>>> print(open('start_32.pdb').read())   # PDB, C-alpha atoms and all ligand atoms
ATOM      1  CA  MET A  24      73.877  -7.524   9.632  1.00  0.00           C
ATOM      2  CA  GLN A  25      70.240  -8.393   8.967  1.00  0.00           C
ATOM      3  CA  ARG A  26      69.201  -6.861  12.274  1.00  0.00           C
ATOM      4  CA  ALA A  27      70.846  -3.604  11.290  1.00  0.00           C
ATOM      5  CA  VAL A  28      68.922  -3.566   7.994  1.00  0.00           C
ATOM      6  CA  TRP A  29      65.642  -4.150   9.841  1.00  0.00           C
ATOM      7  CA  ALA A  30      66.449  -1.398  12.317  1.00  0.00           C
ATOM      8  CA  ILE A  31      67.039   1.068   9.472  1.00  0.00           C
ATOM      9  CA  LEU A  32      63.817  -0.002   7.746  1.00  0.00           C
ATOM     10  CA  LEU A  33      61.756   0.366  10.921  1.00  0.00           C
ATOM     11  CA  PHE A  34      63.290   3.759  11.628  1.00  0.00           C
ATOM     12  CA  ALA A  35      62.421   4.938   8.100  1.00  0.00           C
ATOM     13  CA  LEU A  36      58.818   3.763   8.503  1.00  0.00           C
ATOM     14  CA  ALA A  37      58.448   5.356  11.943  1.00  0.00           C
ATOM     15  CA  ALA A  38      60.077   8.675  10.956  1.00  0.00           C
ATOM     16  CA  PRO A  39      57.528  11.479  11.123  1.00  0.00           C
ATOM     17  CA  ALA A  40      56.805  13.729   8.124  1.00  0.00           C
ATOM     18  CA  TYR A  41      59.151  16.687   7.820  1.00  0.00           C
ATOM     19  CA  ALA A  42      58.135  19.500  10.124  1.00  0.00           C
ATOM     20  CA  ALA A  43      59.753  22.751  11.239  1.00  0.00           C
ATOM     21  CA  GLU A  44      58.846  25.667  13.490  1.00  0.00           C
ATOM     22  CA  THR A  45      60.498  28.309  11.314  1.00  0.00           C
ATOM     23  CA  ALA A  46      61.145  28.910   7.638  1.00  0.00           C
ATOM     24  CA  ALA A  47      64.586  29.073   6.039  1.00  0.00           C
ATOM     25  CA  ASN A  48      64.720  32.839   6.628  1.00  0.00           C
ATOM     26  CA  GLY A  49      63.831  32.445  10.313  1.00  0.00           C
ATOM     27  CA  SER A  50      60.222  33.576   9.976  1.00  0.00           C
ATOM     28  CA  THR A  51      57.454  31.888  11.975  1.00  0.00           C
ATOM     29  CA  ARG A  52      54.923  32.719   9.218  1.00  0.00           C
ATOM     30  CA  CYS A  53      54.305  31.168   5.825  1.00  0.00           C
ATOM     31  CA  THR A  54      52.878  33.455   3.146  1.00  0.00           C
ATOM     32  CA  TYR A  55      52.173  32.828  -0.509  1.00  0.00           C
ATOM     33  CA  ALA A  56      49.826  33.733  -3.346  1.00  0.00           C
ATOM     34  CA  THR A  57      48.483  30.917  -5.494  1.00  0.00           C
ATOM     35  CA  TYR A  58      46.037  30.119  -8.302  1.00  0.00           C
ATOM     36  CA  GLN A  59      44.625  27.192 -10.239  1.00  0.00           C
ATOM     37  CA  TRP A  60      45.042  26.820 -14.005  1.00  0.00           C
ATOM     38  CA  ASP A  61      41.696  26.946 -15.843  1.00  0.00           C
ATOM     39  CA  VAL A  62      42.177  24.438 -18.664  1.00  0.00           C
ATOM     40  CA  ALA A  63      39.356  25.635 -20.946  1.00  0.00           C
ATOM     41  CA  ARG A  64      40.103  29.357 -20.589  1.00  0.00           C
ATOM     42  CA  ARG A  65      43.907  28.717 -20.580  1.00  0.00           C
ATOM     43  CA  ALA A  66      44.266  31.302 -17.830  1.00  0.00           C
ATOM     44  CA  PRO A  67      44.903  31.486 -14.074  1.00  0.00           C
ATOM     45  CA  SER A  68      41.784  31.268 -11.898  1.00  0.00           C
ATOM     46  CA  HIS A  69      40.750  31.033  -8.227  1.00  0.00           C
ATOM     47  CA  GLY A  70      43.560  33.272  -6.936  1.00  0.00           C
ATOM     48  CA  GLN A  71      44.192  32.978  -3.207  1.00  0.00           C
ATOM     49  CA  ALA A  72      46.512  34.635  -0.680  1.00  0.00           C
ATOM     50  CA  VAL A  73      47.683  32.511   2.267  1.00  0.00           C
ATOM     51  CA  ASP A  74      49.229  33.767   5.518  1.00  0.00           C
ATOM     52  CA  LYS A  75      49.575  31.245   8.344  1.00  0.00           C
ATOM     53  CA  PRO A  76      51.944  29.996  11.069  1.00  0.00           C
ATOM     54  CA  TYR A  77      54.913  28.200   9.500  1.00  0.00           C
ATOM     55  CA  LYS A  78      54.432  25.171  11.780  1.00  0.00           C
ATOM     56  CA  GLU A  79      51.029  24.592  10.102  1.00  0.00           C
ATOM     57  CA  VAL A  80      52.569  24.046   6.653  1.00  0.00           C
ATOM     58  CA  THR A  81      51.164  20.720   5.441  1.00  0.00           C
ATOM     59  CA  ALA A  82      52.918  17.867   3.591  1.00  0.00           C
ATOM     60  CA  ASP A  83      50.951  18.920   0.485  1.00  0.00           C
ATOM     61  CA  GLU A  84      52.574  22.369   0.660  1.00  0.00           C
ATOM     62  CA  ARG A  85      56.078  20.839   0.511  1.00  0.00           C
ATOM     63  CA  ASP A  86      58.022  19.526  -2.467  1.00  0.00           C
ATOM     64  CA  PRO A  87      57.422  15.749  -2.399  1.00  0.00           C
ATOM     65  CA  SER A  88      61.031  15.073  -3.429  1.00  0.00           C
ATOM     66  CA  GLU A  89      62.620  17.687  -1.117  1.00  0.00           C
ATOM     67  CA  PRO A  90      60.399  18.721   1.825  1.00  0.00           C
ATOM     68  CA  ARG A  91      62.757  21.523   2.900  1.00  0.00           C
ATOM     69  CA  CYS A  92      61.418  23.424  -0.128  1.00  0.00           C
ATOM     70  CA  SER A  93      57.826  24.639   0.290  1.00  0.00           C
ATOM     71  CA  VAL A  94      55.316  27.003  -1.283  1.00  0.00           C
ATOM     72  CA  CYS A  95      56.172  29.638   1.371  1.00  0.00           C
ATOM     73  CA  ARG A  96      57.950  32.851   0.298  1.00  0.00           C
ATOM     74  CA  GLU A  97      59.930  32.529   3.527  1.00  0.00           C
ATOM     75  CA  ASP A  98      61.718  29.409   2.167  1.00  0.00           C
ATOM     76  CA  GLN A  99      62.873  31.216  -0.994  1.00  0.00           C
ATOM     77  CA  VAL A 100      66.046  33.205  -1.672  1.00  0.00           C
ATOM     78  CA  ARG A 101      66.127  36.182  -4.013  1.00  0.00           C
ATOM     79  CA  ILE A 102      68.711  35.894  -6.801  1.00  0.00           C
ATOM     80  CA  GLU A 103      69.997  39.117  -8.378  1.00  0.00           C
ATOM     81  CA  PRO A 104      71.458  38.291 -11.821  1.00  0.00           C
ATOM     82  CA  LYS A 105      72.825  41.836 -12.110  1.00  0.00           C
ATOM     83  CA  THR A 106      75.367  40.963  -9.406  1.00  0.00           C
ATOM     84  CA  LEU A 107      76.390  37.772 -11.284  1.00  0.00           C
ATOM     85  CA  GLY A 108      77.319  39.184 -14.684  1.00  0.00           C
ATOM     86  CA  TRP A 109      73.787  39.719 -16.060  1.00  0.00           C
ATOM     87  CA  PRO A 110      73.049  43.469 -15.746  1.00  0.00           C
ATOM     88  CA  SER A 111      69.756  43.415 -17.681  1.00  0.00           C
ATOM     89  CA  VAL A 112      68.175  40.236 -16.247  1.00  0.00           C
ATOM     90  CA  GLY A 113      65.530  40.766 -13.549  1.00  0.00           C
ATOM     91  CA  ALA A 114      65.601  39.210 -10.075  1.00  0.00           C
ATOM     92  CA  PHE A 115      63.827  35.943  -9.273  1.00  0.00           C
ATOM     93  CA  GLN A 116      63.465  33.574  -6.329  1.00  0.00           C
ATOM     94  CA  VAL A 117      64.428  29.920  -5.764  1.00  0.00           C
ATOM     95  CA  CYS A 118      64.248  27.529  -2.819  1.00  0.00           C
ATOM     96  CA  HIS A 119      67.112  28.281  -0.401  1.00  0.00           C
ATOM     97  CA  LEU A 120      68.665  24.843  -1.049  1.00  0.00           C
ATOM     98  CA  TYR A 121      69.392  25.658  -4.707  1.00  0.00           C
ATOM     99  CA  ALA A 122      70.457  29.306  -4.393  1.00  0.00           C
ATOM    100  CA  GLU A 123      74.210  28.647  -4.373  1.00  0.00           C
ATOM    101  CA  ASP A 124      74.098  26.203  -7.325  1.00  0.00           C
ATOM    102  CA  VAL A 125      71.966  28.614  -9.366  1.00  0.00           C
ATOM    103  CA  ARG A 126      74.252  31.579  -8.592  1.00  0.00           C
ATOM    104  CA  ALA A 127      77.343  29.558  -9.568  1.00  0.00           C
ATOM    105  CA  ALA A 128      75.734  28.430 -12.857  1.00  0.00           C
ATOM    106  CA  LEU A 129      74.759  31.996 -13.799  1.00  0.00           C
ATOM    107  CA  LYS A 130      78.301  33.213 -13.079  1.00  0.00           C
ATOM    108  CA  THR A 131      79.810  30.401 -15.174  1.00  0.00           C
ATOM    109  CA  VAL A 132      77.560  31.102 -18.178  1.00  0.00           C
ATOM    110  CA  ALA A 133      78.346  34.841 -17.976  1.00  0.00           C
ATOM    111  CA  ARG A 134      82.100  34.177 -17.754  1.00  0.00           C
ATOM    112  CA  GLU A 135      82.113  31.699 -20.658  1.00  0.00           C
ATOM    113  CA  GLY A 136      80.093  33.973 -22.967  1.00  0.00           C
ATOM    114  CA  GLY A 137      78.261  32.776 -26.065  1.00  0.00           C
ATOM    115  CA  PHE A 138      74.826  32.508 -24.465  1.00  0.00           C
ATOM    116  CA  ARG A 139      72.509  35.483 -23.786  1.00  0.00           C
ATOM    117  CA  ILE A 140      69.978  35.235 -20.959  1.00  0.00           C
ATOM    118  CA  VAL A 141      66.928  37.448 -21.551  1.00  0.00           C
ATOM    119  CA  ASP A 142      64.742  36.522 -18.579  1.00  0.00           C
ATOM    120  CA  ILE A 143      64.399  33.926 -15.821  1.00  0.00           C
ATOM    121  CA  THR A 144      61.318  32.805 -13.898  1.00  0.00           C
ATOM    122  CA  GLY A 145      61.824  30.791 -10.712  1.00  0.00           C
ATOM    123  CA  TYR A 146      59.429  30.557  -7.760  1.00  0.00           C
ATOM    124  CA  ARG A 147      55.802  30.930  -8.880  1.00  0.00           C
ATOM    125  CA  VAL A 148      53.092  29.181  -6.871  1.00  0.00           C
ATOM    126  CA  GLY A 149      50.219  27.587  -8.749  1.00  0.00           C
ATOM    127  CA  ARG A 150      48.342  24.370  -9.365  1.00  0.00           C
ATOM    128  CA  THR A 151      49.086  23.970 -13.045  1.00  0.00           C
ATOM    129  CA  ARG A 152      49.289  20.207 -13.547  1.00  0.00           C
ATOM    130  CA  GLY A 153      47.821  16.848 -12.541  1.00  0.00           C
ATOM    131  CA  ALA A 154      44.175  15.812 -12.490  1.00  0.00           C
ATOM    132  CA  ILE A 155      41.513  18.284 -13.648  1.00  0.00           C
ATOM    133  CA  VAL A 156      38.555  18.832 -11.302  1.00  0.00           C
ATOM    134  CA  ASP A 157      35.765  21.210 -12.385  1.00  0.00           C
ATOM    135  CA  GLY A 158      37.991  22.447 -15.200  1.00  0.00           C
ATOM    136  CA  LEU A 159      40.859  23.347 -12.830  1.00  0.00           C
ATOM    137  CA  ARG A 160      44.298  21.741 -12.400  1.00  0.00           C
ATOM    138  CA  THR A 161      44.878  20.302  -8.912  1.00  0.00           C
ATOM    139  CA  GLU A 162      48.641  19.704  -8.479  1.00  0.00           C
ATOM    140  CA  TRP A 163      51.501  22.111  -7.804  1.00  0.00           C
ATOM    141  CA  SER A 164      54.136  22.801 -10.456  1.00  0.00           C
ATOM    142  CA  ASN A 165      57.804  22.466  -9.403  1.00  0.00           C
ATOM    143  CA  HIS A 166      58.007  26.267  -9.633  1.00  0.00           C
ATOM    144  CA  SER A 167      55.589  26.374  -6.680  1.00  0.00           C
ATOM    145  CA  PHE A 168      58.390  25.165  -4.385  1.00  0.00           C
ATOM    146  CA  GLY A 169      61.108  27.290  -5.988  1.00  0.00           C
ATOM    147  CA  ALA A 170      62.580  24.042  -7.365  1.00  0.00           C
ATOM    148  CA  ALA A 171      62.612  24.965 -11.076  1.00  0.00           C
ATOM    149  CA  LEU A 172      63.692  27.739 -13.443  1.00  0.00           C
ATOM    150  CA  ASP A 173      62.369  28.829 -16.846  1.00  0.00           C
ATOM    151  CA  ILE A 174      65.041  30.538 -18.967  1.00  0.00           C
ATOM    152  CA  ASN A 175      64.256  32.613 -22.093  1.00  0.00           C
ATOM    153  CA  ALA A 176      60.672  31.350 -22.397  1.00  0.00           C
ATOM    154  CA  SER A 177      60.015  33.374 -25.551  1.00  0.00           C
ATOM    155  CA  HIS A 178      62.735  31.407 -27.404  1.00  0.00           C
ATOM    156  CA  ASN A 179      62.415  28.030 -25.655  1.00  0.00           C
ATOM    157  CA  GLY A 180      58.767  27.012 -25.703  1.00  0.00           C
ATOM    158  CA  LEU A 181      56.919  24.149 -24.019  1.00  0.00           C
ATOM    159  CA  TYR A 182      55.778  21.603 -26.613  1.00  0.00           C
ATOM    160  CA  GLY A 183      53.083  18.956 -26.258  1.00  0.00           C
ATOM    161  CA  SER A 184      52.180  15.934 -28.395  1.00  0.00           C
ATOM    162  CA  CYS A 185      55.940  15.534 -28.693  1.00  0.00           C
ATOM    163  CA  ASN A 186      57.127  11.989 -28.058  1.00  0.00           C
ATOM    164  CA  VAL A 187      60.463  12.338 -29.883  1.00  0.00           C
ATOM    165  CA  ALA A 188      63.716  10.553 -29.032  1.00  0.00           C
ATOM    166  CA  THR A 189      65.900  13.667 -29.266  1.00  0.00           C
ATOM    167  CA  VAL A 190      64.992  17.282 -29.830  1.00  0.00           C
ATOM    168  CA  SER A 191      65.868  18.907 -33.140  1.00  0.00           C
ATOM    169  CA  ARG A 192      64.227  21.533 -35.344  1.00  0.00           C
ATOM    170  CA  GLU A 193      62.823  18.760 -37.527  1.00  0.00           C
ATOM    171  CA  ALA A 194      61.491  16.697 -34.600  1.00  0.00           C
ATOM    172  CA  LEU A 195      59.832  19.680 -32.883  1.00  0.00           C
ATOM    173  CA  ALA A 196      58.160  20.785 -36.117  1.00  0.00           C
ATOM    174  CA  GLY A 197      55.708  17.904 -35.621  1.00  0.00           C
ATOM    175  CA  CYS A 198      54.949  18.889 -31.995  1.00  0.00           C
ATOM    176  CA  LYS A 199      52.471  21.422 -30.643  1.00  0.00           C
ATOM    177  CA  LEU A 200      53.830  24.676 -29.157  1.00  0.00           C
ATOM    178  CA  ARG A 201      51.760  25.256 -25.995  1.00  0.00           C
ATOM    179  CA  VAL A 202      53.599  27.943 -23.965  1.00  0.00           C
ATOM    180  CA  GLY A 203      56.285  30.481 -24.908  1.00  0.00           C
ATOM    181  CA  GLY A 204      57.973  30.948 -28.274  1.00  0.00           C
ATOM    182  CA  ALA A 205      59.324  28.585 -30.911  1.00  0.00           C
ATOM    183  CA  TRP A 206      62.650  26.802 -30.282  1.00  0.00           C
ATOM    184  CA  ASP A 207      65.044  27.476 -33.160  1.00  0.00           C
ATOM    185  CA  PRO A 208      68.801  27.240 -32.432  1.00  0.00           C
ATOM    186  CA  VAL A 209      69.670  28.056 -36.045  1.00  0.00           C
ATOM    187  CA  LYS A 210      67.741  31.347 -36.126  1.00  0.00           C
ATOM    188  CA  ARG A 211      68.492  32.295 -32.507  1.00  0.00           C
ATOM    189  CA  PRO A 212      71.714  30.525 -31.457  1.00  0.00           C
ATOM    190  CA  GLN A 213      72.533  32.928 -28.588  1.00  0.00           C
ATOM    191  CA  THR A 214      69.231  32.589 -26.697  1.00  0.00           C
ATOM    192  CA  THR A 215      68.169  29.002 -27.479  1.00  0.00           C
ATOM    193  CA  ILE A 216      68.996  26.220 -24.987  1.00  0.00           C
ATOM    194  CA  THR A 217      70.686  23.200 -26.601  1.00  0.00           C
ATOM    195  CA  LYS A 218      72.478  20.126 -25.287  1.00  0.00           C
ATOM    196  CA  ASP A 219      75.845  21.255 -26.638  1.00  0.00           C
ATOM    197  CA  GLY A 220      75.569  24.751 -25.142  1.00  0.00           C
ATOM    198  CA  GLY A 221      77.222  26.223 -22.052  1.00  0.00           C
ATOM    199  CA  LEU A 222      73.942  27.061 -20.316  1.00  0.00           C
ATOM    200  CA  TYR A 223      72.829  23.418 -20.500  1.00  0.00           C
ATOM    201  CA  ARG A 224      76.207  22.248 -19.142  1.00  0.00           C
ATOM    202  CA  ALA A 225      76.133  24.699 -16.230  1.00  0.00           C
ATOM    203  CA  PHE A 226      72.597  23.802 -15.049  1.00  0.00           C
ATOM    204  CA  ARG A 227      72.830  20.086 -15.884  1.00  0.00           C
ATOM    205  CA  ARG A 228      75.493  19.754 -13.173  1.00  0.00           C
ATOM    206  CA  PHE A 229      72.749  19.799 -10.534  1.00  0.00           C
ATOM    207  CA  TRP A 230      69.374  19.736 -12.375  1.00  0.00           C
ATOM    208  CA  LYS A 231      67.749  18.093 -15.388  1.00  0.00           C
ATOM    209  CA  TRP A 232      66.447  19.767 -18.536  1.00  0.00           C
ATOM    210  CA  GLY A 233      62.789  19.719 -19.591  1.00  0.00           C
ATOM    211  CA  GLY A 234      63.967  19.142 -23.167  1.00  0.00           C
ATOM    212  CA  GLU A 235      65.000  15.569 -22.330  1.00  0.00           C
ATOM    213  CA  ILE A 236      62.203  14.172 -20.186  1.00  0.00           C
ATOM    214  CA  ALA A 237      60.215  11.034 -21.031  1.00  0.00           C
ATOM    215  CA  GLY A 238      56.678  11.283 -22.354  1.00  0.00           C
ATOM    216  CA  GLY A 239      54.936  13.665 -24.713  1.00  0.00           C
ATOM    217  CA  THR A 240      56.112  17.017 -23.290  1.00  0.00           C
ATOM    218  CA  ARG A 241      59.312  18.883 -24.170  1.00  0.00           C
ATOM    219  CA  ASP A 242      59.686  21.919 -21.895  1.00  0.00           C
ATOM    220  CA  MET A 243      62.671  23.636 -23.498  1.00  0.00           C
ATOM    221  CA  MET A 244      62.826  26.601 -21.070  1.00  0.00           C
ATOM    222  CA  HIS A 245      62.707  24.451 -17.934  1.00  0.00           C
ATOM    223  CA  PHE A 246      65.327  23.102 -15.498  1.00  0.00           C
ATOM    224  CA  SER A 247      64.490  21.289 -12.241  1.00  0.00           C
ATOM    225  CA  VAL A 248      65.530  18.349 -10.047  1.00  0.00           C
ATOM    226  CA  THR A 249      63.545  15.881 -12.172  1.00  0.00           C
ATOM    227  CA  GLY A 250      63.272  17.891 -15.400  1.00  0.00           C
ATOM    228  CA  TYR A 251      59.454  17.923 -14.998  1.00  0.00           C
TER     229      TYR A 251
HETATM  230 ZN    ZN B   1      59.090  25.680 -15.914  1.00  0.00          ZN
END
>>> encode(input="start_32.pdb", output="structure tokens")
Amino acid sequence: MQRAVWAILLFALAAPAYAAETAANGSTRCTYATYQWDVARRAPSHGQAVDKPYKEVTADERDPSEPRCSVCREDQVRIEPKTLGWPSVGAFQVCHLYAEDVRAALKTVAREGGFRIVDITGYRVGRTRGAIVDGLRTEWSNHSFGAALDINASHNGLYGSCNVATVSREALAGCKLRVGGAWDPVKRPQTTITKDGGLYRAFRRFWKWGGEIAGGTRDMMHFSVTGY
């Protein structure tokens, strides 16, 4: 029994980093456009276009919690909400691993009714978090790997200075709105994400909500594997 445990441990330690010759769509190239967030100017900066062989994708260019998702366009799948019951919502992209779950959730929310999706942002490559060097953020957001969605940003803002136990209108009033529009389920019940709503239930089946993460940020528009 113990020998088996050791064998598994040694195998895990010796296993090489994830590598692949081709992207999810079969391409041998990896292309993406990226930027770094300029903290003082509160704007994107240092834009860069990358086009390289897929086999040269580095560990840094892969999602640390799911290396099959990367910053490459070729690992993303285009989702068309208009084919899922949302005729006026624009297309977006997510990592191929999540495409089926996301499609199913959008269909469920459309079928149940009660919630109105205005817009969705998925894959968007950029270094928008982590340590700041020369005024620029240095770490990828989860959107960079297609592993997160923002839904109705103009009604579900990202709040900082917000270490509250549970989100409510009263609790968020003391927080600082940093991105997007104010969260107000009383004024805008159809477009605001809440824990007792159908949209939350549909996405919470496979992802976590940025409204319930630990720490001082409440990202009300955001769903991802970790919620961050
Ligand atoms: Zn987000």
>>> closest_atom_pairs(input="start_32.pdb", of="region 189-209 of chain A", to="region 239-243 of chain A", cutoff="10 Å", atoms="only C-alpha atoms", output="CSV")
residue,atom,partner,partner_atom,distance
A:Thr189,CA,A:Arg241,CA,9.8
A:Val190,CA,A:Arg241,CA,8.2
A:Leu195,CA,A:Arg241,CA,8.8
A:Cys198,CA,A:Arg241,CA,9.0
A:Lys199,CA,A:Thr240,CA,9.3
A:Leu200,CA,A:Arg241,CA,9.4
A:Arg201,CA,A:Asp242,CA,9.5
A:Val202,CA,A:Asp242,CA,8.8
A:Gly203,CA,A:Met243,CA,9.5
A:Gly204,CA,A:Met243,CA,9.9
A:Ala205,CA,A:Met243,CA,9.5
A:Trp206,CA,A:Met243,CA,7.5
>>> closest_atom_pairs(input="start_32.pdb", of="chain A", to="ligand ZN 1 (chain B)", cutoff="8 Å", atoms="only C-alpha atoms and all ligand atoms", output="tab-separated table")
residue	atom	partner	partner_atom	distance
A:Thr144	CA	B:ZN1	ZN	7.7
A:Gly145	CA	B:ZN1	ZN	7.8
A:Ser164	CA	B:ZN1	ZN	7.9
A:Asn165	CA	B:ZN1	ZN	7.4
A:His166	CA	B:ZN1	ZN	6.4
A:Ala171	CA	B:ZN1	ZN	6.0
A:Leu172	CA	B:ZN1	ZN	5.6
A:Asp173	CA	B:ZN1	ZN	4.6
A:Gly233	CA	B:ZN1	ZN	7.9
A:Asp242	CA	B:ZN1	ZN	7.1
A:Met244	CA	B:ZN1	ZN	6.4
A:His245	CA	B:ZN1	ZN	4.3
A:Phe246	CA	B:ZN1	ZN	6.8
A:Ser247	CA	B:ZN1	ZN	7.9
A:Tyr251	CA	B:ZN1	ZN	7.8
>>> resolve_selection(input="start_32.pdb", expression="the PyMOL selection byres (((chain A and resi 119) around 7) and not hetatm)", output="PyMOL selection string")
chain A and resi 47+98-100+117-118+120-122
>>> write_last_selection(input="start_32.pdb", atoms="C-alpha atoms", output="compact mmCIF listing (two decimals), keeping the file's coordinate frame")
# COMPACT_ATOMS: atom_id res chain seq x y z
CA ALA A 47 64.59 29.07 6.04
CA ASP A 98 61.72 29.41 2.17
CA GLN A 99 62.87 31.22 -0.99
CA VAL A 100 66.05 33.20 -1.67
CA VAL A 117 64.43 29.92 -5.76
CA CYS A 118 64.25 27.53 -2.82
CA LEU A 120 68.67 24.84 -1.05
CA TYR A 121 69.39 25.66 -4.71
CA ALA A 122 70.46 29.31 -4.39
>>> atom_distance(input="start_32.pdb", atom1="CA of Ser177 (chain A)", atom2="CA of Thr106 (chain A)")
23.5 Å
>>> resolve_selection(input="start_32.pdb", expression="the PyMOL selection byres (((chain A and resi 161) around 12) and not hetatm)", output="list in words")
Thr57, Tyr58, Gln59, Trp60, Asp61, Val62, Ser68, His69, Asp83, Gly149, Arg150, Thr151, Arg152, Gly153, Ala154, Ile155, Val156, Asp157, Gly158, Leu159, Arg160, Glu162, Trp163 and Ser164 of chain A
>>> atom_distance(input="start_32.pdb", atom1="CA of Ala133 (chain A)", atom2="CA of Trp109 (chain A)")
6.9 Å
>>> atom_distance(input="start_32.pdb", atom1="CA of Val125 (chain A)", atom2="CA of Val112 (chain A)")
14.0 Å
>>> residues_around(input="start_32.pdb", residues="Val80 (chain A)", least_positions_apart="6", cutoff="12 Å", atoms="only C-alpha atoms", output="number ranges by chain")
A: 40-46, 51-55, 73-74, 86, 90-95, 97-98
>>> write_last_selection(input="start_32.pdb", atoms="C-alpha atoms", output="CSV table (one decimal), keeping the file's coordinate frame")
chain,number,residue,atom,x,y,z
A,40,ALA,CA,56.8,13.7,8.1
A,41,TYR,CA,59.2,16.7,7.8
A,42,ALA,CA,58.1,19.5,10.1
A,43,ALA,CA,59.8,22.8,11.2
A,44,GLU,CA,58.8,25.7,13.5
A,45,THR,CA,60.5,28.3,11.3
A,46,ALA,CA,61.1,28.9,7.6
A,51,THR,CA,57.5,31.9,12.0
A,52,ARG,CA,54.9,32.7,9.2
A,53,CYS,CA,54.3,31.2,5.8
A,54,THR,CA,52.9,33.5,3.1
A,55,TYR,CA,52.2,32.8,-0.5
A,73,VAL,CA,47.7,32.5,2.3
A,74,ASP,CA,49.2,33.8,5.5
A,86,ASP,CA,58.0,19.5,-2.5
A,90,PRO,CA,60.4,18.7,1.8
A,91,ARG,CA,62.8,21.5,2.9
A,92,CYS,CA,61.4,23.4,-0.1
A,93,SER,CA,57.8,24.6,0.3
A,94,VAL,CA,55.3,27.0,-1.3
A,95,CYS,CA,56.2,29.6,1.4
A,97,GLU,CA,59.9,32.5,3.5
A,98,ASP,CA,61.7,29.4,2.2
>>> residues_near_point(input="start_32.pdb", point="(53.5, 12.0, -30.4)", cutoff="9 Å", atoms="only C-alpha atoms", output="ChimeraX atom specification")
/A:183-187,197-198,238-239
>>> residues_around(input="start_32.pdb", residues="Glu135 (chain A)", least_positions_apart="3", cutoff="8 Å", atoms="all atoms listed in the file", output="list in words")
Thr131, Val132 and Gly221 of chain A
>>> axis_aligned_box(input="start_32.pdb", around="region 104-110 of chain A", padding_each_side="6 Å", output="AutoDock Vina command-line options")
--center_x 74.4 --center_y 40.6 --center_z -12.7 --size_x 17.9 --size_y 17.7 --size_z 18.7
>>> closest_residue(input="start_32.pdb", among="A:Ile102, A:Ala66, A:Ile236, A:Ala196", to="Asp124 (chain A)", atoms="all atoms listed in the file")
A:Ile102
>>> build_atoms(input="start_32.pdb", residues="region 44-58 of chain A", atoms="N, CA and C atoms", output="PDB file, in the frame of the given file")
ATOM      1  N   GLU A  44      59.520  24.534  12.834  1.00  0.00           N
ATOM      2  CA  GLU A  44      58.846  25.667  13.490  1.00  0.00           C
ATOM      3  C   GLU A  44      59.036  26.951  12.700  1.00  0.00           C
ATOM      4  N   THR A  45      60.194  27.065  12.027  1.00  0.00           N
ATOM      5  CA  THR A  45      60.498  28.309  11.314  1.00  0.00           C
ATOM      6  C   THR A  45      60.961  28.023   9.890  1.00  0.00           C
ATOM      7  N   ALA A  46      60.746  29.012   9.038  1.00  0.00           N
ATOM      8  CA  ALA A  46      61.145  28.910   7.638  1.00  0.00           C
ATOM      9  C   ALA A  46      62.653  29.116   7.506  1.00  0.00           C
ATOM     10  N   ALA A  47      63.146  28.942   6.291  1.00  0.00           N
ATOM     11  CA  ALA A  47      64.586  29.073   6.039  1.00  0.00           C
ATOM     12  C   ALA A  47      65.107  30.453   6.426  1.00  0.00           C
ATOM     13  N   ASN A  48      64.259  31.487   6.293  1.00  0.00           N
ATOM     14  CA  ASN A  48      64.720  32.839   6.628  1.00  0.00           C
ATOM     15  C   ASN A  48      64.463  33.194   8.089  1.00  0.00           C
ATOM     16  N   GLY A  49      64.040  32.218   8.883  1.00  0.00           N
ATOM     17  CA  GLY A  49      63.831  32.445  10.313  1.00  0.00           C
ATOM     18  C   GLY A  49      62.423  32.878  10.678  1.00  0.00           C
ATOM     19  N   SER A  50      61.571  33.102   9.702  1.00  0.00           N
ATOM     20  CA  SER A  50      60.222  33.576   9.976  1.00  0.00           C
ATOM     21  C   SER A  50      59.361  32.470  10.583  1.00  0.00           C
ATOM     22  N   THR A  51      58.407  32.855  11.428  1.00  0.00           N
ATOM     23  CA  THR A  51      57.454  31.888  11.975  1.00  0.00           C
ATOM     24  C   THR A  51      56.159  31.883  11.174  1.00  0.00           C
ATOM     25  N   ARG A  52      56.113  32.693  10.091  1.00  0.00           N
ATOM     26  CA  ARG A  52      54.923  32.719   9.218  1.00  0.00           C
ATOM     27  C   ARG A  52      55.249  32.067   7.884  1.00  0.00           C
ATOM     28  N   CYS A  53      54.205  31.631   7.208  1.00  0.00           N
ATOM     29  CA  CYS A  53      54.305  31.168   5.825  1.00  0.00           C
ATOM     30  C   CYS A  53      53.306  31.972   5.012  1.00  0.00           C
ATOM     31  N   THR A  54      53.787  32.692   4.010  1.00  0.00           N
ATOM     32  CA  THR A  54      52.878  33.455   3.146  1.00  0.00           C
ATOM     33  C   THR A  54      53.122  33.053   1.698  1.00  0.00           C
ATOM     34  N   TYR A  55      52.043  33.030   0.931  1.00  0.00           N
ATOM     35  CA  TYR A  55      52.173  32.828  -0.509  1.00  0.00           C
ATOM     36  C   TYR A  55      50.874  33.189  -1.221  1.00  0.00           C
ATOM     37  N   ALA A  56      50.984  33.480  -2.501  1.00  0.00           N
ATOM     38  CA  ALA A  56      49.826  33.733  -3.346  1.00  0.00           C
ATOM     39  C   ALA A  56      49.771  32.615  -4.373  1.00  0.00           C
ATOM     40  N   THR A  57      48.588  32.050  -4.582  1.00  0.00           N
ATOM     41  CA  THR A  57      48.483  30.917  -5.494  1.00  0.00           C
ATOM     42  C   THR A  57      47.255  31.049  -6.392  1.00  0.00           C
ATOM     43  N   TYR A  58      47.167  30.149  -7.369  1.00  0.00           N
ATOM     44  CA  TYR A  58      46.037  30.119  -8.302  1.00  0.00           C
ATOM     45  C   TYR A  58      45.889  28.699  -8.814  1.00  0.00           C
TER      46      TYR A  58
END
